[in-house]
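Asker: So here's my_file.csv (CSV, N, CA and C atoms).
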```csv
chain,number,residue,atom,x,y,z
A,126,GLN,N,-32.3,-17.9,-12.7
A,126,GLN,CA,-32.0,-16.5,-12.7
A,126,GLN,C,-30.8,-16.3,-11.8
A,127,VAL,N,-29.7,-15.6,-12.3
A,127,VAL,CA,-28.6,-15.4,-11.5
A,127,VAL,C,-28.9,-14.3,-10.5
A,128,GLN,N,-28.5,-14.5,-9.2
A,128,GLN,CA,-28.6,-13.5,-8.2
A,128,GLN,C,-27.3,-13.4,-7.5
A,129,LEU,N,-26.9,-12.1,-7.2
A,129,LEU,CA,-25.7,-11.8,-6.5
A,129,LEU,C,-26.1,-11.0,-5.3
A,130,VAL,N,-25.7,-11.5,-4.1
A,130,VAL,CA,-26.1,-10.8,-2.9
A,130,VAL,C,-24.8,-10.6,-2.0
A,131,GLU,N,-24.5,-9.3,-1.9
A,131,GLU,CA,-23.3,-8.9,-1.1
A,131,GLU,C,-23.7,-8.5,0.3
A,132,SER,N,-22.8,-8.8,1.2
A,132,SER,CA,-23.0,-8.5,2.6
A,132,SER,C,-21.7,-8.3,3.3
A,133,GLY,N,-21.8,-7.8,4.5
A,133,GLY,CA,-20.6,-7.7,5.4
A,133,GLY,C,-20.0,-6.3,5.5
A,134,GLY,N,-20.5,-5.3,4.8
A,134,GLY,CA,-20.0,-4.0,4.9
A,134,GLY,C,-20.4,-3.4,6.2
A,135,GLY,N,-19.9,-2.2,6.4
A,135,GLY,CA,-20.2,-1.5,7.6
A,135,GLY,C,-19.3,-0.2,7.8
A,136,SER,N,-19.4,0.4,8.9
A,136,SER,CA,-18.6,1.5,9.2
A,136,SER,C,-17.4,1.1,10.1
A,137,VAL,N,-16.3,1.5,9.7
A,137,VAL,CA,-15.1,1.2,10.5
A,137,VAL,C,-14.2,2.4,10.6
A,138,GLN,N,-13.3,2.3,11.6
A,138,GLN,CA,-12.3,3.4,11.7
A,138,GLN,C,-11.1,3.1,10.8
A,139,ILE,N,-10.4,4.2,10.5
A,139,ILE,CA,-9.1,4.0,9.8
A,139,ILE,C,-8.3,3.0,10.4
A,140,GLY,N,-7.8,2.1,9.5
A,140,GLY,CA,-7.0,1.0,10.0
A,140,GLY,C,-7.8,-0.3,10.3
A,141,GLY,N,-9.1,-0.2,10.2
A,141,GLY,CA,-9.9,-1.3,10.6
A,141,GLY,C,-10.0,-2.4,9.5
A,142,SER,N,-10.8,-3.4,9.8
A,142,SER,CA,-10.9,-4.6,8.9
A,142,SER,C,-12.3,-4.9,8.8
A,143,LEU,N,-12.6,-5.6,7.6
A,143,LEU,CA,-13.9,-6.1,7.3
A,143,LEU,C,-13.8,-7.3,6.4
A,144,THR,N,-14.7,-8.2,6.5
A,144,THR,CA,-14.8,-9.3,5.6
A,144,THR,C,-16.1,-9.3,4.9
A,145,LEU,N,-16.1,-9.2,3.6
A,145,LEU,CA,-17.3,-9.1,2.7
A,145,LEU,C,-17.6,-10.5,2.2
A,146,THR,N,-18.9,-10.7,2.0
A,146,THR,CA,-19.4,-12.0,1.5
A,146,THR,C,-20.3,-11.8,0.3
A,147,CYS,N,-20.2,-12.7,-0.7
A,147,CYS,CA,-21.1,-12.6,-1.8
A,147,CYS,C,-21.7,-14.0,-2.0
A,148,ALA,N,-23.0,-14.0,-2.0
A,148,ALA,CA,-23.7,-15.3,-2.2
A,148,ALA,C,-24.2,-15.3,-3.6
A,149,VAL,N,-23.9,-16.3,-4.4
A,149,VAL,CA,-24.3,-16.4,-5.8
A,149,VAL,C,-25.2,-17.6,-6.0
A,150,SER,N,-26.3,-17.3,-6.7
A,150,SER,CA,-27.3,-18.4,-6.9
A,150,SER,C,-27.6,-18.3,-8.4
A,151,GLY,N,-28.1,-19.5,-8.9
A,151,GLY,CA,-28.6,-19.5,-10.3
A,151,GLY,C,-27.5,-19.5,-11.3
A,152,ALA,N,-26.2,-19.8,-10.9
A,152,ALA,CA,-25.1,-19.8,-11.9
A,152,ALA,C,-24.1,-20.9,-11.5
A,153,PRO,N,-23.4,-21.3,-12.5
A,153,PRO,CA,-22.4,-22.4,-12.3
A,153,PRO,C,-21.1,-21.8,-11.6
A,154,PHE,N,-21.3,-21.4,-10.4
A,154,PHE,CA,-20.3,-20.6,-9.6
A,154,PHE,C,-18.9,-21.3,-9.7
A,155,SER,N,-18.8,-22.6,-9.6
A,155,SER,CA,-17.5,-23.2,-9.5
A,155,SER,C,-16.8,-23.2,-10.9
A,156,ASP,N,-17.4,-22.8,-11.9
A,156,ASP,CA,-16.8,-22.8,-13.3
A,156,ASP,C,-16.4,-21.5,-13.8
A,157,VAL,N,-16.7,-20.4,-13.0
A,157,VAL,CA,-16.4,-19.1,-13.5
A,157,VAL,C,-15.4,-18.3,-12.6
A,158,ASN,N,-14.7,-17.4,-13.3
A,158,ASN,CA,-13.9,-16.4,-12.6
A,158,ASN,C,-14.8,-15.4,-11.9
A,159,MET,N,-14.4,-15.0,-10.7
A,159,MET,CA,-15.2,-14.1,-10.0
A,159,MET,C,-14.4,-12.9,-9.5
A,160,SER,N,-15.0,-11.8,-9.3
A,160,SER,CA,-14.3,-10.6,-8.9
A,160,SER,C,-15.1,-9.8,-7.9
A,161,TRP,N,-14.3,-9.0,-7.1
A,161,TRP,CA,-14.9,-8.0,-6.3
A,161,TRP,C,-14.6,-6.6,-7.0
A,162,TYR,N,-15.6,-5.8,-7.0
A,162,TYR,CA,-15.5,-4.5,-7.6
A,162,TYR,C,-15.9,-3.5,-6.5
A,163,ARG,N,-15.5,-2.2,-6.6
A,163,ARG,CA,-16.0,-1.2,-5.7
A,163,ARG,C,-16.2,0.1,-6.5
A,164,GLN,N,-17.1,0.9,-5.9
A,164,GLN,CA,-17.5,2.2,-6.5
A,164,GLN,C,-17.6,3.2,-5.4
A,165,GLY,N,-16.6,4.2,-5.4
A,165,GLY,CA,-16.7,5.3,-4.5
A,165,GLY,C,-17.6,6.4,-5.1
A,166,THR,N,-18.0,7.3,-4.2
A,166,THR,CA,-18.9,8.4,-4.6
A,166,THR,C,-18.2,9.2,-5.7
A,167,GLY,N,-19.0,9.3,-6.8
A,167,GLY,CA,-18.5,10.1,-8.0
A,167,GLY,C,-17.5,9.4,-8.8
A,168,ASN,N,-17.2,8.1,-8.5
A,168,ASN,CA,-16.2,7.3,-9.3
A,168,ASN,C,-16.9,6.2,-10.0
A,169,GLU,N,-16.2,5.8,-11.0
A,169,GLU,CA,-16.7,4.6,-11.8
A,169,GLU,C,-16.4,3.3,-11.0
A,170,ARG,N,-17.1,2.3,-11.3
A,170,ARG,CA,-16.9,1.0,-10.6
A,170,ARG,C,-15.6,0.5,-11.1
A,171,GLU,N,-14.8,0.0,-10.2
A,171,GLU,CA,-13.5,-0.6,-10.5
A,171,GLU,C,-13.3,-2.0,-9.9
A,172,ARG,N,-12.6,-2.8,-10.6
A,172,ARG,CA,-12.3,-4.1,-10.0
A,172,ARG,C,-11.1,-4.0,-9.1
A,173,VAL,N,-11.2,-4.8,-8.0
A,173,VAL,CA,-10.1,-4.8,-7.0
A,173,VAL,C,-9.5,-6.1,-6.9
A,174,ALA,N,-10.2,-7.2,-7.2
A,174,ALA,CA,-9.6,-8.5,-7.0
A,174,ALA,C,-10.3,-9.5,-7.8
A,175,SER,N,-9.7,-10.6,-8.3
A,175,SER,CA,-10.3,-11.6,-9.1
A,175,SER,C,-9.7,-13.0,-8.6
A,176,ILE,N,-10.6,-14.0,-8.8
A,176,ILE,CA,-10.1,-15.3,-8.5
A,176,ILE,C,-10.7,-16.3,-9.4
A,177,SER,N,-9.9,-17.2,-9.9
A,177,SER,CA,-10.4,-18.2,-10.9
A,177,SER,C,-11.0,-19.4,-10.1
A,178,PRO,N,-11.7,-20.3,-10.8
A,178,PRO,CA,-12.3,-21.4,-10.2
A,178,PRO,C,-11.3,-22.3,-9.4
A,179,GLY,N,-10.1,-22.3,-9.9
A,179,GLY,CA,-9.1,-23.1,-9.2
A,179,GLY,C,-8.2,-22.3,-8.2
A,180,GLY,N,-8.6,-21.1,-8.0
A,180,GLY,CA,-7.9,-20.3,-7.0
A,180,GLY,C,-6.8,-19.4,-7.4
A,181,ILE,N,-6.6,-19.2,-8.7
A,181,ILE,CA,-5.6,-18.3,-9.2
A,181,ILE,C,-6.1,-16.9,-8.9
A,182,ILE,N,-5.3,-16.0,-8.3
A,182,ILE,CA,-5.8,-14.7,-7.8
A,182,ILE,C,-5.0,-13.6,-8.4
A,183,HIS,N,-5.7,-12.5,-8.7
A,183,HIS,CA,-5.1,-11.3,-9.1
A,183,HIS,C,-5.7,-10.1,-8.3
A,184,TYR,N,-4.8,-9.2,-7.9
A,184,TYR,CA,-5.2,-8.0,-7.2
A,184,TYR,C,-4.8,-6.8,-8.0
A,185,GLU,N,-5.7,-5.9,-8.0
A,185,GLU,CA,-5.4,-4.6,-8.6
A,185,GLU,C,-4.6,-3.8,-7.6
A,186,ASP,N,-3.8,-2.8,-8.2
A,186,ASP,CA,-2.9,-2.1,-7.3
A,186,ASP,C,-3.6,-1.3,-6.2
A,187,SER,N,-4.8,-0.9,-6.4
A,187,SER,CA,-5.5,0.0,-5.5
A,187,SER,C,-5.6,-0.6,-4.1
A,188,MET,N,-5.7,-1.9,-3.9
A,188,MET,CA,-5.8,-2.4,-2.6
A,188,MET,C,-4.9,-3.6,-2.3
A,189,LYS,N,-3.9,-3.8,-3.2
A,189,LYS,CA,-3.0,-4.9,-3.1
A,189,LYS,C,-2.3,-4.8,-1.8
A,190,GLY,N,-2.1,-6.0,-1.1
A,190,GLY,CA,-1.4,-6.0,0.1
A,190,GLY,C,-2.3,-5.8,1.3
A,191,ARG,N,-3.5,-5.4,1.1
A,191,ARG,CA,-4.5,-5.1,2.2
A,191,ARG,C,-5.7,-6.0,2.1
A,192,ILE,N,-5.8,-6.8,1.0
A,192,ILE,CA,-7.0,-7.6,0.8
A,192,ILE,C,-6.7,-9.0,0.5
A,193,ALA,N,-7.6,-9.9,0.7
A,193,ALA,CA,-7.5,-11.3,0.4
A,193,ALA,C,-8.8,-11.8,-0.1
A,194,ILE,N,-8.8,-12.3,-1.4
A,194,ILE,CA,-10.0,-12.8,-2.0
A,194,ILE,C,-10.0,-14.3,-1.9
A,195,SER,N,-11.2,-14.9,-1.6
A,195,SER,CA,-11.2,-16.3,-1.5
A,195,SER,C,-12.6,-16.8,-2.0
A,196,ARG,N,-12.8,-18.1,-2.2
A,196,ARG,CA,-14.1,-18.6,-2.6
A,196,ARG,C,-14.3,-19.9,-2.0
A,197,ASP,N,-15.6,-20.2,-1.9
A,197,ASP,CA,-16.1,-21.6,-1.4
A,197,ASP,C,-17.0,-22.1,-2.6
A,198,ASN,N,-16.4,-22.9,-3.4
A,198,ASN,CA,-17.2,-23.3,-4.6
A,198,ASN,C,-18.4,-24.2,-4.2
A,199,GLY,N,-18.2,-25.0,-3.1
A,199,GLY,CA,-19.3,-25.8,-2.7
A,199,GLY,C,-20.5,-25.1,-2.2
A,200,ASN,N,-20.3,-23.9,-1.7
A,200,ASN,CA,-21.4,-23.0,-1.2
A,200,ASN,C,-21.7,-21.8,-2.1
A,201,SER,N,-21.0,-21.8,-3.3
A,201,SER,CA,-21.2,-20.7,-4.2
A,201,SER,C,-21.1,-19.3,-3.5
A,202,THR,N,-20.0,-19.2,-2.8
A,202,THR,CA,-19.8,-17.9,-2.0
A,202,THR,C,-18.4,-17.4,-2.3
A,203,LEU,N,-18.3,-16.1,-2.4
A,203,LEU,CA,-17.1,-15.3,-2.6
A,203,LEU,C,-16.8,-14.5,-1.4
A,204,TYR,N,-15.6,-14.3,-1.0
A,204,TYR,CA,-15.2,-13.5,0.2
A,204,TYR,C,-14.2,-12.5,-0.2
A,205,LEU,N,-14.1,-11.4,0.6
A,205,LEU,CA,-13.1,-10.4,0.5
A,205,LEU,C,-12.7,-10.0,1.9
A,206,ARG,N,-11.6,-10.3,2.3
A,206,ARG,CA,-11.1,-9.8,3.6
A,206,ARG,C,-10.3,-8.6,3.4
A,207,MET,N,-10.6,-7.5,4.1
A,207,MET,CA,-9.9,-6.2,3.9
A,207,MET,C,-9.4,-5.8,5.3
A,208,SER,N,-8.2,-5.2,5.2
A,208,SER,CA,-7.6,-4.7,6.4
A,208,SER,C,-6.9,-3.4,6.1
A,209,HIS,N,-6.4,-2.7,7.2
A,209,HIS,CA,-5.7,-1.4,7.1
A,209,HIS,C,-6.5,-0.5,6.2
A,210,LEU,N,-7.8,-0.4,6.4
A,210,LEU,CA,-8.7,0.4,5.6
A,210,LEU,C,-8.4,1.9,5.8
A,211,THR,N,-8.6,2.6,4.7
A,211,THR,CA,-8.4,4.1,4.7
A,211,THR,C,-9.7,4.7,4.2
A,212,PRO,N,-9.9,6.0,4.4
A,212,PRO,CA,-11.1,6.7,3.9
A,212,PRO,C,-11.3,6.5,2.4
A,213,GLU,N,-10.1,6.3,1.6
A,213,GLU,CA,-10.2,6.2,0.2
A,213,GLU,C,-10.9,4.8,-0.2
A,214,ASP,N,-11.0,3.9,0.8
A,214,ASP,CA,-11.6,2.6,0.5
A,214,ASP,C,-13.1,2.7,0.7
A,215,THR,N,-13.6,3.8,1.1
A,215,THR,CA,-15.1,4.0,1.3
A,215,THR,C,-15.8,3.9,-0.1
A,216,GLY,N,-16.9,3.1,-0.1
A,216,GLY,CA,-17.6,2.9,-1.3
A,216,GLY,C,-18.5,1.7,-1.2
A,217,VAL,N,-19.2,1.5,-2.3
A,217,VAL,CA,-20.1,0.3,-2.3
A,217,VAL,C,-19.3,-0.8,-3.1
A,218,TYR,N,-19.3,-2.0,-2.4
A,218,TYR,CA,-18.5,-3.1,-3.0
A,218,TYR,C,-19.5,-4.1,-3.6
A,219,PHE,N,-19.2,-4.6,-4.8
A,219,PHE,CA,-20.0,-5.5,-5.5
A,219,PHE,C,-19.2,-6.8,-5.9
A,220,CYS,N,-19.9,-7.8,-6.2
A,220,CYS,CA,-19.2,-9.0,-6.8
A,220,CYS,C,-19.9,-9.3,-8.1
A,221,ASN,N,-19.1,-10.0,-9.0
A,221,ASN,CA,-19.7,-10.4,-10.3
A,221,ASN,C,-18.7,-11.3,-10.9
A,222,LYS,N,-19.2,-11.9,-12.0
A,222,LYS,CA,-18.3,-12.8,-12.8
A,222,LYS,C,-17.3,-11.9,-13.6
A,223,VAL,N,-16.3,-12.5,-14.1
A,223,VAL,CA,-15.4,-11.8,-15.0
A,223,VAL,C,-15.4,-12.5,-16.3
A,224,PRO,N,-15.9,-11.8,-17.4
A,224,PRO,CA,-16.7,-10.5,-17.3
A,224,PRO,C,-18.0,-10.7,-16.6
A,225,PRO,N,-18.7,-9.6,-16.3
A,225,PRO,CA,-20.0,-9.7,-15.6
A,225,PRO,C,-21.0,-10.5,-16.3
A,226,PHE,N,-21.8,-11.2,-15.6
A,226,PHE,CA,-22.9,-12.0,-16.2
A,226,PHE,C,-23.7,-11.2,-17.2
A,227,PRO,N,-23.8,-11.6,-18.4
A,227,PRO,CA,-24.5,-10.8,-19.4
A,227,PRO,C,-26.0,-10.7,-19.1
A,228,GLY,N,-26.6,-9.6,-19.2
A,228,GLY,CA,-28.0,-9.4,-19.0
A,228,GLY,C,-28.5,-9.6,-17.5
A,229,VAL,N,-27.5,-9.7,-16.6
A,229,VAL,CA,-27.9,-9.9,-15.2
A,229,VAL,C,-27.7,-8.6,-14.4
A,230,PRO,N,-28.7,-8.1,-13.7
A,230,PRO,CA,-28.4,-6.9,-12.9
A,230,PRO,C,-27.4,-7.2,-11.8
A,231,TRP,N,-26.6,-6.1,-11.6
A,231,TRP,CA,-25.7,-6.2,-10.5
A,231,TRP,C,-26.4,-6.3,-9.2
A,232,GLY,N,-25.8,-6.9,-8.2
A,232,GLY,CA,-26.4,-6.9,-6.8
A,232,GLY,C,-26.5,-5.5,-6.3
A,233,ARG,N,-27.0,-5.4,-5.1
A,233,ARG,CA,-27.1,-4.0,-4.5
A,233,ARG,C,-25.8,-3.6,-3.9
A,234,GLY,N,-24.9,-4.5,-3.7
A,234,GLY,CA,-23.6,-4.1,-3.2
A,234,GLY,C,-23.7,-4.0,-1.6
A,235,THR,N,-22.6,-3.8,-1.0
A,235,THR,CA,-22.5,-3.6,0.4
A,235,THR,C,-21.6,-2.4,0.7
A,236,LEU,N,-22.1,-1.5,1.5
A,236,LEU,CA,-21.5,-0.2,1.7
A,236,LEU,C,-20.4,-0.4,2.8
A,237,VAL,N,-19.2,0.1,2.4
A,237,VAL,CA,-18.1,0.2,3.4
A,237,VAL,C,-17.8,1.7,3.6
A,238,THR,N,-17.8,2.1,4.9
A,238,THR,CA,-17.5,3.5,5.2
A,238,THR,C,-16.3,3.5,6.2
A,239,VAL,N,-15.3,4.2,5.8
A,239,VAL,CA,-14.1,4.3,6.6
A,239,VAL,C,-13.9,5.7,7.1
A,240,SER,N,-13.8,5.9,8.4
A,240,SER,CA,-13.7,7.3,8.9
A,240,SER,C,-12.8,7.3,10.1
A,241,SER,N,-12.4,8.5,10.5
A,241,SER,CA,-11.5,8.6,11.7
A,241,SER,C,-12.4,8.7,12.9
```
So that I can check it, write out the structure of this file as structure tokens.
Answerer:
Amino acid sequence: QVQLVESGGGSVQIGGSLTLTCAVSGAPFSDVNMSWYRQGTGNERERVASISPGGIIHYEDSMKGRIAISRDNGNSTLYLRMSHLTPEDTGVYFCNKVPPFPGVPWGRGTLVTVSS
């Protein structure tokens, strides 16, 4: 059974940094494209970054230049380093395959709160 466990969120001040971690189990992590998604209050979930098994990366415009996605295939772990955070970055951050694992519940996500 595939499990996605996000961690690393927290409360930071404007301009702060965080590194998020996603532990994946029960799936061939090293063979799949992975993404980070986020969902702000009242907003739909949106993808912010993707990375292929070989390390080809794509960033969506919303956070481009302020984030870095990476992966450790040996440990089935996905990372998202975020910096220069703004209140608009507040939300719950999730990881999943691209496209999402079929029939697999999303993880609980990790909450990022950016305030002054």
Asker: Between A:Leu145, A:Ala174, A:Leu129, A:Ile181, which is the closest to Ser160 (chain A) once you count all atoms listed in the file?
Answerer: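 Ranked by minimum distance to Ser160 (chain A), first place goes to A:Ala174.
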Asker: For Gly232 (chain A), which residue out of A:Lys189, A:Glu131, A:Gly141, A:Asp156 is the nearest one, using only N, CA and C atoms?
Answerer: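 For Gly232 (chain A), the nearest of the given residues is A:Glu131.
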Asker: What is the distance, in Å and to one decimal place, between atom C of Arg172 (chain A) and atom C of Pro230 (chain A)?
Answerer: 16.8 Å
Asker: Got a sec: who's within 6.5 Å of Gly234 (chain A), counting all atoms listed in the file, leaving out chain neighbours fewer than 3 positions off, as a PyMOL selection string?
Answerer: chain A and resi 130-132+217-220+231
Asker: Apply DSSP to the structure's backbone, then extract all residues of chain A labelled helix (DSSP H, G or I) and return them as a PyMOL selection string.
Answerer: chain A and resi 154-156+198-200+212-214
Asker: Taking all atoms listed in the file into account, which of A:Glu213, A:Ile139, A:Tyr184, A:Ile194 comes nearest Gly165 (chain A)?
Answerer: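 That would be A:Glu213, the residue with the smallest distance to Gly165 (chain A).
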Asker: Kindly indicate which residue among A:Leu210, A:Met188, A:Ile176, A:Leu203 lies nearest to Met159 (chain A), using only N, CA and C atoms for the distances.
Answerer: A:Ile176
Asker: Neighbours of Phe154 (chain A) within 8 Å (all atoms listed in the file; same-chain residues fewer than 6 positions away dropped), as a PDB file with N, CA and C atoms, in the coordinates of the input?
Answerer:
```
ATOM      1  N   PRO A 178     -11.700 -20.300 -10.800  1.00  0.00           N
ATOM      2  CA  PRO A 178     -12.300 -21.400 -10.200  1.00  0.00           C
ATOM      3  C   PRO A 178     -11.300 -22.300  -9.400  1.00  0.00           C
ATOM      4  N   ASP A 197     -15.600 -20.200  -1.900  1.00  0.00           N
ATOM      5  CA  ASP A 197     -16.100 -21.600  -1.400  1.00  0.00           C
ATOM      6  C   ASP A 197     -17.000 -22.100  -2.600  1.00  0.00           C
ATOM      7  N   ASN A 198     -16.400 -22.900  -3.400  1.00  0.00           N
ATOM      8  CA  ASN A 198     -17.200 -23.300  -4.600  1.00  0.00           C
ATOM      9  C   ASN A 198     -18.400 -24.200  -4.200  1.00  0.00           C
ATOM     10  N   GLY A 199     -18.200 -25.000  -3.100  1.00  0.00           N
ATOM     11  CA  GLY A 199     -19.300 -25.800  -2.700  1.00  0.00           C
ATOM     12  C   GLY A 199     -20.500 -25.100  -2.200  1.00  0.00           C
ATOM     13  N   ASN A 200     -20.300 -23.900  -1.700  1.00  0.00           N
ATOM     14  CA  ASN A 200     -21.400 -23.000  -1.200  1.00  0.00           C
ATOM     15  C   ASN A 200     -21.700 -21.800  -2.100  1.00  0.00           C
ATOM     16  N   SER A 201     -21.000 -21.800  -3.300  1.00  0.00           N
ATOM     17  CA  SER A 201     -21.200 -20.700  -4.200  1.00  0.00           C
ATOM     18  C   SER A 201     -21.100 -19.300  -3.500  1.00  0.00           C
ATOM     19  N   THR A 202     -20.000 -19.200  -2.800  1.00  0.00           N
ATOM     20  CA  THR A 202     -19.800 -17.900  -2.000  1.00  0.00           C
ATOM     21  C   THR A 202     -18.400 -17.400  -2.300  1.00  0.00           C
TER      22      THR A 202
END
```
Asker: Tell me, which residues of region 126-234 of chain A carry DSSP strand (DSSP E), written as a PyMOL selection string?
Answerer: chain A and resi 128-132+135-138+143-150+159-164+171-176+182-184+192-197+202-207+216-222
